[in-house]
>>> print(open('entry22.pdb').read())   # PDB, C-alpha atoms and all ligand atoms
MODEL        1
ATOM      1  CA  MET T 198      11.298  40.144-100.135
ATOM      2  CA  THR T 199      14.265  37.776 -99.809
ATOM      3  CA  ASP T 200      16.662  38.572 -96.992
ATOM      4  CA  ILE T 201      20.146  39.577 -98.108
ATOM      5  CA  LEU T 202      21.888  37.550 -95.433
ATOM      6  CA  GLN T 203      20.456  34.237 -94.393
ATOM      7  CA  SER T 204      22.680  31.959 -92.436
ATOM      8  CA  THR T 205      22.440  28.274 -91.726
ATOM      9  CA  PRO T 206      22.168  27.464 -88.011
ATOM     10  CA  SER T 207      25.450  26.275 -86.474
ATOM     11  CA  ILE T 208      25.731  23.220 -84.202
ATOM     12  CA  ASP T 209      25.536  25.591 -81.223
ATOM     13  CA  ASP T 210      22.362  27.157 -82.646
ATOM     14  CA  MET T 211      20.827  23.703 -83.062
ATOM     15  CA  LEU T 212      21.784  22.654 -79.519
ATOM     16  CA  HIS T 213      20.363  25.873 -78.130
ATOM     17  CA  ALA T 214      17.100  25.392 -80.034
ATOM     18  CA  ILE T 215      16.728  21.825 -78.739
ATOM     19  CA  LYS T 216      17.488  22.932 -75.179
ATOM     20  CA  THR T 217      14.960  25.765 -75.401
ATOM     21  CA  TYR T 218      12.325  23.398 -76.806
ATOM     22  CA  ARG T 219      12.922  20.889 -74.008
ATOM     23  CA  ALA T 220      12.697  23.618 -71.352
ATOM     24  CA  ARG T 221       9.378  24.769 -72.854
ATOM     25  CA  THR T 222       7.794  21.334 -73.274
ATOM     26  CA  GLY T 223       9.482  19.026 -70.775
ATOM     27  CA  CYS T 224      10.449  16.674 -73.645
ATOM     28  CA  LYS T 225      13.254  14.265 -72.819
ATOM     29  CA  PRO T 226      16.393  13.526 -74.873
ATOM     30  CA  GLY T 227      15.900  10.711 -77.362
ATOM     31  CA  SER T 228      12.142  11.311 -77.749
ATOM     32  CA  GLN T 229      12.077  12.240 -81.429
ATOM     33  CA  HIS T 230      11.800   9.484 -84.012
ATOM     34  CA  ALA T 231       9.546  10.938 -86.718
ATOM     35  CA  ALA T 232       9.043  13.897 -89.023
ATOM     36  CA  LEU T 233       5.750  15.469 -90.083
ATOM     37  CA  ILE T 234       6.470  16.925 -93.494
ATOM     38  CA  ASP T 235       4.623  19.588 -95.466
ATOM     39  CA  MET T 236       4.381  19.168 -99.262
ATOM     40  CA  ASP T 237       4.163  22.414-101.287
ATOM     41  CA  GLY T 238       7.328  24.460-100.913
ATOM     42  CA  VAL T 239       9.050  21.582 -99.071
ATOM     43  CA  LEU T 240       8.854  18.536-101.356
ATOM     44  CA  TYR T 241       7.850  20.432-104.488
ATOM     45  CA  ASP T 242       8.959  23.818-105.776
ATOM     46  CA  SER T 243       5.290  24.467-106.454
ATOM     47  CA  MET T 244       4.413  27.676-104.641
ATOM     48  CA  LYS T 245       5.308  29.884-107.589
ATOM     49  CA  TYR T 246       2.640  28.029-109.615
ATOM     50  CA  HIS T 247       0.071  28.028-106.800
ATOM     51  CA  THR T 248       0.409  31.780-106.277
ATOM     52  CA  LEU T 249       0.071  32.443-110.034
ATOM     53  CA  ALA T 250      -2.990  30.194-110.271
ATOM     54  CA  TRP T 251      -4.587  31.915-107.265
ATOM     55  CA  GLN T 252      -3.891  35.374-108.619
ATOM     56  CA  ARG T 253      -5.357  34.482-112.012
ATOM     57  CA  MET T 254      -8.542  32.937-110.619
ATOM     58  CA  VAL T 255      -9.167  35.722-108.075
ATOM     59  CA  SER T 256      -8.428  38.540-110.576
ATOM     60  CA  GLU T 257     -10.829  37.000-113.064
ATOM     61  CA  GLN T 258     -13.544  37.285-110.425
ATOM     62  CA  GLY T 259     -13.002  41.049-110.468
ATOM     63  CA  ILE T 260     -10.970  41.157-107.243
ATOM     64  CA  ASP T 261      -7.741  43.111-107.196
ATOM     65  CA  CYS T 262      -4.969  41.047-105.600
ATOM     66  CA  ASP T 263      -1.222  40.850-105.264
ATOM     67  CA  ARG T 264       0.511  37.571-106.133
ATOM     68  CA  ASP T 265       2.766  37.776-103.068
ATOM     69  CA  GLU T 266      -0.186  37.818-100.672
ATOM     70  CA  PHE T 267      -0.875  34.193-101.593
ATOM     71  CA  TYR T 268       2.493  33.161-100.155
ATOM     72  CA  LEU T 269       1.207  34.384 -96.802
ATOM     73  CA  TYR T 270      -1.940  32.231 -97.038
ATOM     74  CA  GLU T 271       0.140  29.167 -97.810
ATOM     75  CA  GLY T 272      -0.906  26.179 -95.722
ATOM     76  CA  MET T 273      -4.528  27.224 -95.457
ATOM     77  CA  THR T 274      -7.072  25.052 -97.261
ATOM     78  CA  GLY T 275      -8.464  26.375-100.550
ATOM     79  CA  LYS T 276     -11.833  26.918 -98.884
ATOM     80  CA  ALA T 277     -10.298  29.028 -96.097
ATOM     81  CA  THR T 278      -8.331  31.131 -98.604
ATOM     82  CA  ILE T 279     -11.408  31.821-100.746
ATOM     83  CA  ASP T 280     -13.488  32.616 -97.686
ATOM     84  CA  LEU T 281     -10.864  35.052 -96.354
ATOM     85  CA  ILE T 282     -10.602  36.977 -99.630
ATOM     86  CA  TRP T 283     -14.331  37.088-100.344
ATOM     87  CA  ARG T 284     -15.169  38.246 -96.817
ATOM     88  CA  ARG T 285     -12.533  40.949 -97.065
ATOM     89  CA  GLU T 286     -13.529  42.161-100.545
ATOM     90  CA  ARG T 287     -17.240  41.487-100.646
ATOM     91  CA  GLY T 288     -18.086  41.441 -96.949
ATOM     92  CA  VAL T 289     -19.721  38.023 -97.162
ATOM     93  CA  GLY T 290     -18.584  34.416 -97.210
ATOM     94  CA  VAL T 291     -19.082  32.079-100.145
ATOM     95  CA  SER T 292     -21.418  29.055-100.338
ATOM     96  CA  ASP T 293     -19.837  25.598-100.360
ATOM     97  CA  ASP T 294     -20.875  25.076-103.989
ATOM     98  CA  GLU T 295     -19.281  28.370-105.017
ATOM     99  CA  VAL T 296     -16.097  27.495-103.108
ATOM    100  CA  LYS T 297     -15.933  24.189-104.997
ATOM    101  CA  ARG T 298     -16.426  25.955-108.318
ATOM    102  CA  LEU T 299     -13.770  28.611-107.614
ATOM    103  CA  TYR T 300     -11.272  26.113-106.199
ATOM    104  CA  ALA T 301     -11.751  23.885-109.262
ATOM    105  CA  ILE T 302     -10.817  26.818-111.509
ATOM    106  CA  LYS T 303      -7.696  27.548-109.451
ATOM    107  CA  ALA T 304      -6.756  23.842-109.429
ATOM    108  CA  ARG T 305      -7.200  23.672-113.226
ATOM    109  CA  TYR T 306      -4.885  26.647-113.759
ATOM    110  CA  PHE T 307      -2.311  24.985-111.506
ATOM    111  CA  VAL T 308      -2.469  21.711-113.455
ATOM    112  CA  GLU T 309      -2.275  23.533-116.804
ATOM    113  CA  MET T 310       1.129  24.928-115.828
ATOM    114  CA  GLY T 311       2.585  21.442-116.303
ATOM    115  CA  ARG T 312       4.773  19.161-114.236
ATOM    116  CA  LYS T 313       6.070  20.771-111.034
ATOM    117  CA  GLU T 314       9.725  20.393-110.073
ATOM    118  CA  THR T 315      10.691  18.524-106.942
ATOM    119  CA  MET T 316      12.428  20.770-104.406
ATOM    120  CA  PRO T 317      16.241  20.523-104.631
ATOM    121  CA  GLY T 318      17.492  18.914-101.413
ATOM    122  CA  ALA T 319      14.151  17.288-100.487
ATOM    123  CA  ASP T 320      15.259  13.849-101.622
ATOM    124  CA  ARG T 321      18.421  14.129 -99.538
ATOM    125  CA  MET T 322      16.371  15.246 -96.529
ATOM    126  CA  LEU T 323      14.115  12.171 -96.840
ATOM    127  CA  GLN T 324      17.147   9.883 -97.279
ATOM    128  CA  ALA T 325      18.627  11.263 -94.038
ATOM    129  CA  LEU T 326      15.371  10.563 -92.166
ATOM    130  CA  MET T 327      15.101   7.044 -93.587
ATOM    131  CA  LYS T 328      18.745   6.284 -92.831
ATOM    132  CA  ALA T 329      18.195   7.333 -89.211
ATOM    133  CA  GLY T 330      15.088   5.122 -89.017
ATOM    134  CA  TRP T 331      12.765   8.080 -88.479
ATOM    135  CA  ASP T 332       9.117   7.676 -89.554
ATOM    136  CA  ARG T 333       7.688  10.123 -92.099
ATOM    137  CA  VAL T 334       4.158  11.520 -92.325
ATOM    138  CA  LEU T 335       2.991  13.856 -95.083
ATOM    139  CA  VAL T 336       0.908  16.739 -93.687
ATOM    140  CA  THR T 337      -0.445  19.049 -96.375
ATOM    141  CA  GLY T 338      -3.249  21.602 -96.662
ATOM    142  CA  SER T 339      -3.498  20.649-100.311
ATOM    143  CA  ALA T 340      -6.088  18.479-101.976
ATOM    144  CA  GLN T 341      -4.282  18.832-105.301
ATOM    145  CA  SER T 342      -4.301  15.269-106.664
ATOM    146  CA  SER T 343      -1.832  16.180-109.442
ATOM    147  CA  LEU T 344       0.967  16.362-106.844
ATOM    148  CA  LEU T 345      -0.313  13.820-104.326
ATOM    149  CA  GLU T 346      -0.443  11.154-107.039
ATOM    150  CA  ARG T 347       3.182  11.782-107.946
ATOM    151  CA  LEU T 348       4.657  11.349-104.473
ATOM    152  CA  ASP T 349       5.408   7.637-104.877
ATOM    153  CA  GLU T 350       7.107   8.191-108.198
ATOM    154  CA  ASP T 351       9.164  11.182-107.056
ATOM    155  CA  TYR T 352       9.943   9.947-103.528
ATOM    156  CA  PRO T 353       9.741   6.138-103.631
ATOM    157  CA  GLY T 354       9.188   4.553-100.220
ATOM    158  CA  ALA T 355       9.188   7.874 -98.355
ATOM    159  CA  PHE T 356       5.481   8.040 -97.475
ATOM    160  CA  VAL T 357       3.350   4.940 -96.998
ATOM    161  CA  ALA T 358      -0.300   5.389 -98.026
ATOM    162  CA  GLU T 359      -1.729   5.447 -94.492
ATOM    163  CA  ARG T 360       0.696   8.131 -93.362
ATOM    164  CA  ARG T 361      -0.674  11.077 -95.302
ATOM    165  CA  VAL T 362      -2.838  13.915 -94.010
ATOM    166  CA  THR T 363      -4.398  16.116 -96.715
ATOM    167  CA  ALA T 364      -7.024  18.875 -96.815
ATOM    168  CA  LEU T 365      -9.641  16.125 -97.124
ATOM    169  CA  ASP T 366      -8.755  14.687 -93.687
ATOM    170  CA  VAL T 367      -9.200  17.773 -91.516
ATOM    171  CA  THR T 368     -11.977  20.084 -90.357
ATOM    172  CA  HIS T 369      -9.607  22.968 -89.672
ATOM    173  CA  GLY T 370      -6.576  23.518 -91.900
ATOM    174  CA  LYS T 371      -3.315  25.227 -90.894
ATOM    175  CA  PRO T 372      -2.719  27.496 -88.960
ATOM    176  CA  ASP T 373      -4.927  25.304 -86.741
ATOM    177  CA  PRO T 374      -2.785  22.522 -85.214
ATOM    178  CA  GLU T 375      -5.325  19.877 -86.326
ATOM    179  CA  PRO T 376      -3.392  18.672 -89.423
ATOM    180  CA  TYR T 377      -0.246  18.060 -87.344
ATOM    181  CA  LEU T 378      -2.211  16.498 -84.483
ATOM    182  CA  ARG T 379      -3.752  14.112 -87.034
ATOM    183  CA  GLY T 380      -0.248  13.357 -88.295
ATOM    184  CA  LEU T 381       0.777  12.438 -84.751
ATOM    185  CA  GLN T 382      -2.329  10.232 -84.432
ATOM    186  CA  LYS T 383      -1.281   8.305 -87.521
ATOM    187  CA  LEU T 384       1.958   7.442 -85.714
ATOM    188  CA  ASN T 385       0.290   6.999 -82.344
ATOM    189  CA  ALA T 386       2.935   9.472 -81.175
ATOM    190  CA  ARG T 387       3.107  12.398 -78.759
ATOM    191  CA  PRO T 388       4.202  15.885 -79.877
ATOM    192  CA  CYS T 389       7.638  15.276 -78.308
ATOM    193  CA  GLU T 390       8.235  12.392 -80.668
ATOM    194  CA  ALA T 391       8.030  14.214 -83.997
ATOM    195  CA  ILE T 392       9.508  17.273 -85.610
ATOM    196  CA  VAL T 393       7.593  19.398 -88.115
ATOM    197  CA  ILE T 394       9.206  20.525 -91.392
ATOM    198  CA  GLU T 395       7.515  23.577 -92.911
ATOM    199  CA  ASN T 396       8.116  26.431 -95.326
ATOM    200  CA  ALA T 397       5.132  28.673 -94.523
ATOM    201  CA  PRO T 398       4.526  30.923 -91.498
ATOM    202  CA  LEU T 399       0.979  29.591 -90.957
ATOM    203  CA  GLY T 400       2.295  26.042 -91.173
ATOM    204  CA  VAL T 401       4.961  26.872 -88.594
ATOM    205  CA  ARG T 402       2.256  28.216 -86.286
ATOM    206  CA  ALA T 403       0.312  24.952 -86.690
ATOM    207  CA  GLY T 404       3.420  22.883 -85.876
ATOM    208  CA  VAL T 405       4.345  24.958 -82.831
ATOM    209  CA  GLU T 406       0.765  24.853 -81.523
ATOM    210  CA  ALA T 407       0.679  21.090 -82.002
ATOM    211  CA  GLY T 408       3.616  21.058 -79.556
ATOM    212  CA  CYS T 409       6.249  19.750 -81.965
ATOM    213  CA  PHE T 410       9.791  20.992 -82.518
ATOM    214  CA  THR T 411       9.217  22.989 -85.704
ATOM    215  CA  VAL T 412      11.794  23.605 -88.418
ATOM    216  CA  ALA T 413      11.150  26.364 -90.947
ATOM    217  CA  VAL T 414      12.895  26.144 -94.297
ATOM    218  CA  THR T 415      12.629  29.358 -96.273
ATOM    219  CA  THR T 416      12.158  28.205 -99.850
ATOM    220  CA  GLY T 417      10.156  31.200-101.120
ATOM    221  CA  PRO T 418      10.113  34.989-100.905
ATOM    222  CA  ILE T 419       8.790  35.249 -97.331
ATOM    223  CA  PRO T 420      11.349  36.989 -95.082
ATOM    224  CA  ARG T 421      12.910  35.218 -92.113
ATOM    225  CA  LYS T 422      11.271  37.538 -89.586
ATOM    226  CA  GLU T 423       7.832  36.082 -90.450
ATOM    227  CA  PHE T 424       9.081  32.672 -89.274
ATOM    228  CA  GLU T 425      10.616  34.191 -86.141
ATOM    229  CA  LYS T 426       7.235  35.775 -85.377
ATOM    230  CA  GLU T 427       5.628  32.338 -85.508
ATOM    231  CA  LYS T 428       8.315  30.999 -83.123
ATOM    232  CA  ALA T 429       9.943  28.447 -85.413
ATOM    233  CA  ASP T 430      12.494  26.481 -83.375
ATOM    234  CA  LEU T 431      15.052  26.606 -86.192
ATOM    235  CA  ILE T 432      15.129  28.443 -89.518
ATOM    236  CA  PHE T 433      17.157  27.194 -92.500
ATOM    237  CA  PRO T 434      17.791  29.328 -95.605
ATOM    238  CA  SER T 435      17.199  26.512 -98.123
ATOM    239  CA  MET T 436      16.307  22.834 -98.393
ATOM    240  CA  PRO T 437      19.859  21.795 -99.387
ATOM    241  CA  ALA T 438      21.157  23.615 -96.270
ATOM    242  CA  PHE T 439      18.608  21.786 -94.100
ATOM    243  CA  ALA T 440      19.344  18.405 -95.731
ATOM    244  CA  GLU T 441      23.053  18.948 -95.078
ATOM    245  CA  ALA T 442      22.459  19.742 -91.378
ATOM    246  CA  LEU T 443      19.777  17.109 -90.745
ATOM    247  CA  PRO T 444      21.998  14.126 -89.827
ATOM    248  CA  THR T 445      23.681  16.340 -87.207
ATOM    249  CA  LEU T 446      20.320  17.605 -85.931
ATOM    250  CA  ILE T 447      19.044  14.033 -85.602
ATOM    251  CA  ARG T 448      22.165  13.107 -83.632
ATOM    252  CA  LEU T 449      21.729  16.115 -81.326
ATOM    253  CA  PHE T 450      18.159  15.059 -80.455
ATOM    254  CA  ASN T 451      19.498  11.827 -78.910
TER     255      ASN T 451
HETATM  256 CA    CA T 501       4.030  24.602 -97.701
ENDMDL
END
>>> encode(input="entry22.pdb", output="structure tokens", more="lines below")
Ligand code: CA
Amino acid sequence: MTDILQSTPSIDDMLHAIKTYRARTGCKPGSQHAALIDMDGVLYDSMKYHTLAWQRMVSEQGIDCDRDEFYLYEGMTGKATIDLIWRRERGVGVSDDEVKRLYAIKARYFVEMGRKETMPGADRMLQALMKAGWDRVLVTGSAQSSLLERLDEDYPGAFVAERRVTALDVTHGKPDPEPYLRGLQKLNARPCEAIVIENAPLGVRAGVEAGCFTVAVTTGPIPRKEFEKEKADLIFPSMPAFAEALPTLIRLFN
């Protein structure tokens, strides 16, 4: 599914995206001072394990599924993903107890696959934000404690404890804007003041609907056009490419 040609936005592309965002929202220059950052596929190269774990659990329940489809559900809570598949295949939703049981199986398979790699370039991205004095908030649809517990070790000082939004903090997961709106609440900030950093189309939709300037970084097999459809403000072909451009982007916001 990977596009053959994926280019990094130029300075002109970045300026144009900022101008377009300001025209749409009325945001003023110098407003942004924070980033709301997704976890899986942004900070960790974990989606390949999540999609395998999902496929294994769902197949074992007698439901035919394609591994790639789980990339498209990325960002949704586990409950929402299970509900979507069971309604589609069986015509009925699943009780809360059954959701918990099924999600626990999927989570176990994920953990059994061992330690997940950090995403190349993510550390550099966080360093650029910290150097510029921008606040960071983690906004994830995950409740996977095996990764959440490792954040401090892998990214020391990047996310203080009270600036994390997980699946346990929201009623509606992505693509609903609620997770990003909660992230803004944690900063006491308006949508103009924070950018969203995402790797999944549904996460991009959540960021855009929250009213934030939303950057898509394509770190998996989902083609660029899916992020265009969700109206990402900028699309980068990899995390190292985004990390490289970020100091310039931060400067252009001012
Ligand atoms: Ca993600």
>>> residues_near_ligand(input="entry22.pdb", ligand="ligand CA 501 (chain T)", cutoff="10 Å", atoms="all atoms listed in the file", output="PyMOL selection string")
chain T and resi 234-244+268+270-273+336-339+394-401+413-417
>>> write_last_selection(input="entry22.pdb", atoms="C-alpha atoms", output="mmCIF file, in the frame of the given file")
data_model
loop_
_atom_site.group_PDB
_atom_site.id
_atom_site.type_symbol
_atom_site.label_atom_id
_atom_site.label_comp_id
_atom_site.auth_asym_id
_atom_site.auth_seq_id
_atom_site.Cartn_x
_atom_site.Cartn_y
_atom_site.Cartn_z
ATOM 1 C CA ILE T 234 6.470 16.925 -93.494
ATOM 2 C CA ASP T 235 4.623 19.588 -95.466
ATOM 3 C CA MET T 236 4.381 19.168 -99.262
ATOM 4 C CA ASP T 237 4.163 22.414 -101.287
ATOM 5 C CA GLY T 238 7.328 24.460 -100.913
ATOM 6 C CA VAL T 239 9.050 21.582 -99.071
ATOM 7 C CA LEU T 240 8.854 18.536 -101.356
ATOM 8 C CA TYR T 241 7.850 20.432 -104.488
ATOM 9 C CA ASP T 242 8.959 23.818 -105.776
ATOM 10 C CA SER T 243 5.290 24.467 -106.454
ATOM 11 C CA MET T 244 4.413 27.676 -104.641
ATOM 12 C CA TYR T 268 2.493 33.161 -100.155
ATOM 13 C CA TYR T 270 -1.940 32.231 -97.038
ATOM 14 C CA GLU T 271 0.140 29.167 -97.810
ATOM 15 C CA GLY T 272 -0.906 26.179 -95.722
ATOM 16 C CA MET T 273 -4.528 27.224 -95.457
ATOM 17 C CA VAL T 336 0.908 16.739 -93.687
ATOM 18 C CA THR T 337 -0.445 19.049 -96.375
ATOM 19 C CA GLY T 338 -3.249 21.602 -96.662
ATOM 20 C CA SER T 339 -3.498 20.649 -100.311
ATOM 21 C CA ILE T 394 9.206 20.525 -91.392
ATOM 22 C CA GLU T 395 7.515 23.577 -92.911
ATOM 23 C CA ASN T 396 8.116 26.431 -95.326
ATOM 24 C CA ALA T 397 5.132 28.673 -94.523
ATOM 25 C CA PRO T 398 4.526 30.923 -91.498
ATOM 26 C CA LEU T 399 0.979 29.591 -90.957
ATOM 27 C CA GLY T 400 2.295 26.042 -91.173
ATOM 28 C CA VAL T 401 4.961 26.872 -88.594
ATOM 29 C CA ALA T 413 11.150 26.364 -90.947
ATOM 30 C CA VAL T 414 12.895 26.144 -94.297
ATOM 31 C CA THR T 415 12.629 29.358 -96.273
ATOM 32 C CA THR T 416 12.158 28.205 -99.850
ATOM 33 C CA GLY T 417 10.156 31.200 -101.120
#
>>> resolve_selection(input="entry22.pdb", expression="the PyMOL selection byres (((chain T and resi 451) around 12) and not hetatm)", output="JSON, numbers by chain")
{"T": [212, 215, 216, 224, 225, 226, 227, 228, 229, 230, 329, 390, 444, 445, 446, 447, 448, 449, 450]}
>>> atom_distance(input="entry22.pdb", atom1="atom CA of T:Pro353", atom2="atom CA of T:Met327")
11.4 Å
>>> atom_distance(input="entry22.pdb", atom1="atom CA of T:Ile392", atom2="atom CA of T:Thr363")
17.8 Å
>>> closest_residue(input="entry22.pdb", among="T:His247, T:Arg321, T:Arg284, T:Lys276", to="T:Ala440", atoms="only C-alpha atoms")
T:Arg321
>>> closest_residue(input="entry22.pdb", among="T:Asp351, T:Glu286, T:Glu427, T:Asp332", to="T:Gly380", atoms="only C-alpha atoms")
T:Asp332
>>> closest_residue(input="entry22.pdb", among="T:Phe439, T:Tyr377, T:Phe433, T:Phe356", to="T:Arg333", atoms="all atoms listed in the file")
T:Phe356
>>> closest_residue(input="entry22.pdb", among="T:Gln324, T:Thr217, T:Ser204, T:Thr278", to="T:Val291", atoms="all atoms listed in the file")
T:Thr278
>>> closest_residue(input="entry22.pdb", among="T:Asp320, T:Glu314, T:Glu359, T:Glu295", to="T:Gln258", atoms="all atoms listed in the file")
T:Glu295
>>> axis_aligned_box(input="entry22.pdb", around="stretch 231-234 of chain T", padding_each_side="3 Å", output="lines of an AutoDock Vina configuration file")
center_x = 7.6
center_y = 13.9
center_z = -90.1
size_x = 9.8
size_y = 12.0
size_z = 12.8
>>> resolve_selection(input="entry22.pdb", expression="the PyMOL selection byres (((chain T and resi 430) around 7) and not hetatm)", output="PyMOL selection string")
chain T and resi 214+410-412+428-429+431-432
